[in-house]
Amino acid sequence: MILARVVGTVVATRKDPRLEGKKLLILKPISPDGKDENGYVVSVDTVSAGVRERVIAVSGSSARMAEGCKDTPVDNAIIGIVDEVSLD
Amino acid sequence: MYFGRVVGSVWCTVKHPHMTGKRMLVVQPLTPELANTGKQLICGDCTGAGAGELVYWVRGKEASFPFAPEEPPMDTTVVGIVDEVHVKRPAPNHRRAQRKK
């Protein structure tokens, strides 16, 4: 699972029918202390996250276990909105 | 399975229903010599590991198996707390030894 910040949305009309009704967001991975990391990820939102929120995203086949993603062609899903990160 | 150290934790209120009651830890991957390697990541926890502890964690679909029959959407989970690590030192690098001469 990675920490990421929501930086945008993706709209797609032509897509796999199993992706219909799913919200797609662009994520920027961040480190636990809030610094940006390389790259961007497109992720399916299952928790109604919004732009600029910090979220937790899962990748790989575990993403299909997220709410409503069973048997869908999804390999990245947002499964939580972060309240707080504490570093010891 | 990978080797790491717990360096923090994460709280979420809004999350997948199967994640309720599951701890999430910030883990720093380590080399066997205990040097940091790679990016910090968020892991689920089935062991009760705490801050600063050496742990090992799994990646992939297997990460949700400790919580069976529930299927929380986790792709990294801490599955063990490390007591001891024994590492055999690598053989001396001959090329480097020759360069020093």
# chains A, B, ... in the order shown; residues from 1 in each chain; ligands from 1
>>> interface_residues(of="chain A", to="chain B", cutoff="12 Å", atoms="only C-alpha atoms", output="ChimeraX atom specification")
/A:1-4,29-38,45-49,53-70,75-88
>>> select_by_dssp(residues="chain A", states="helix (DSSP H, G or I)", output="JSON, numbers by chain")
{"A": [17, 18, 19, 60, 61, 62, 63, 64, 65]}
>>> write_last_selection(atoms="C-alpha atoms", output="mmCIF file, in the first residue's frame")
data_model
loop_
_atom_site.group_PDB
_atom_site.id
_atom_site.type_symbol
_atom_site.label_atom_id
_atom_site.label_comp_id
_atom_site.auth_asym_id
_atom_site.auth_seq_id
_atom_site.Cartn_x
_atom_site.Cartn_y
_atom_site.Cartn_z
ATOM 1 C CA PRO A 17 -18.025 -2.048 -19.316
ATOM 2 C CA ARG A 18 -17.021 -3.300 -15.892
ATOM 3 C CA LEU A 19 -15.433 0.071 -15.185
ATOM 4 C CA GLY A 60 -1.946 -5.464 -7.845
ATOM 5 C CA SER A 61 -4.562 -8.147 -7.452
ATOM 6 C CA SER A 62 -5.449 -6.891 -3.958
ATOM 7 C CA ALA A 63 -7.057 -3.881 -5.630
ATOM 8 C CA ARG A 64 -9.799 -6.192 -6.894
ATOM 9 C CA MET A 65 -10.809 -6.906 -3.312
#
>>> atom_distance(atom1="atom CA of Thr37 of chain B", atom2="atom CA of Trp57 of chain B")
14.4 Å
>>> residues_around(residues="Val7 of chain A", least_positions_apart="6", cutoff="7 Å", atoms="only C-alpha atoms", output="ChimeraX atom specification")
/A:26-28,51-52
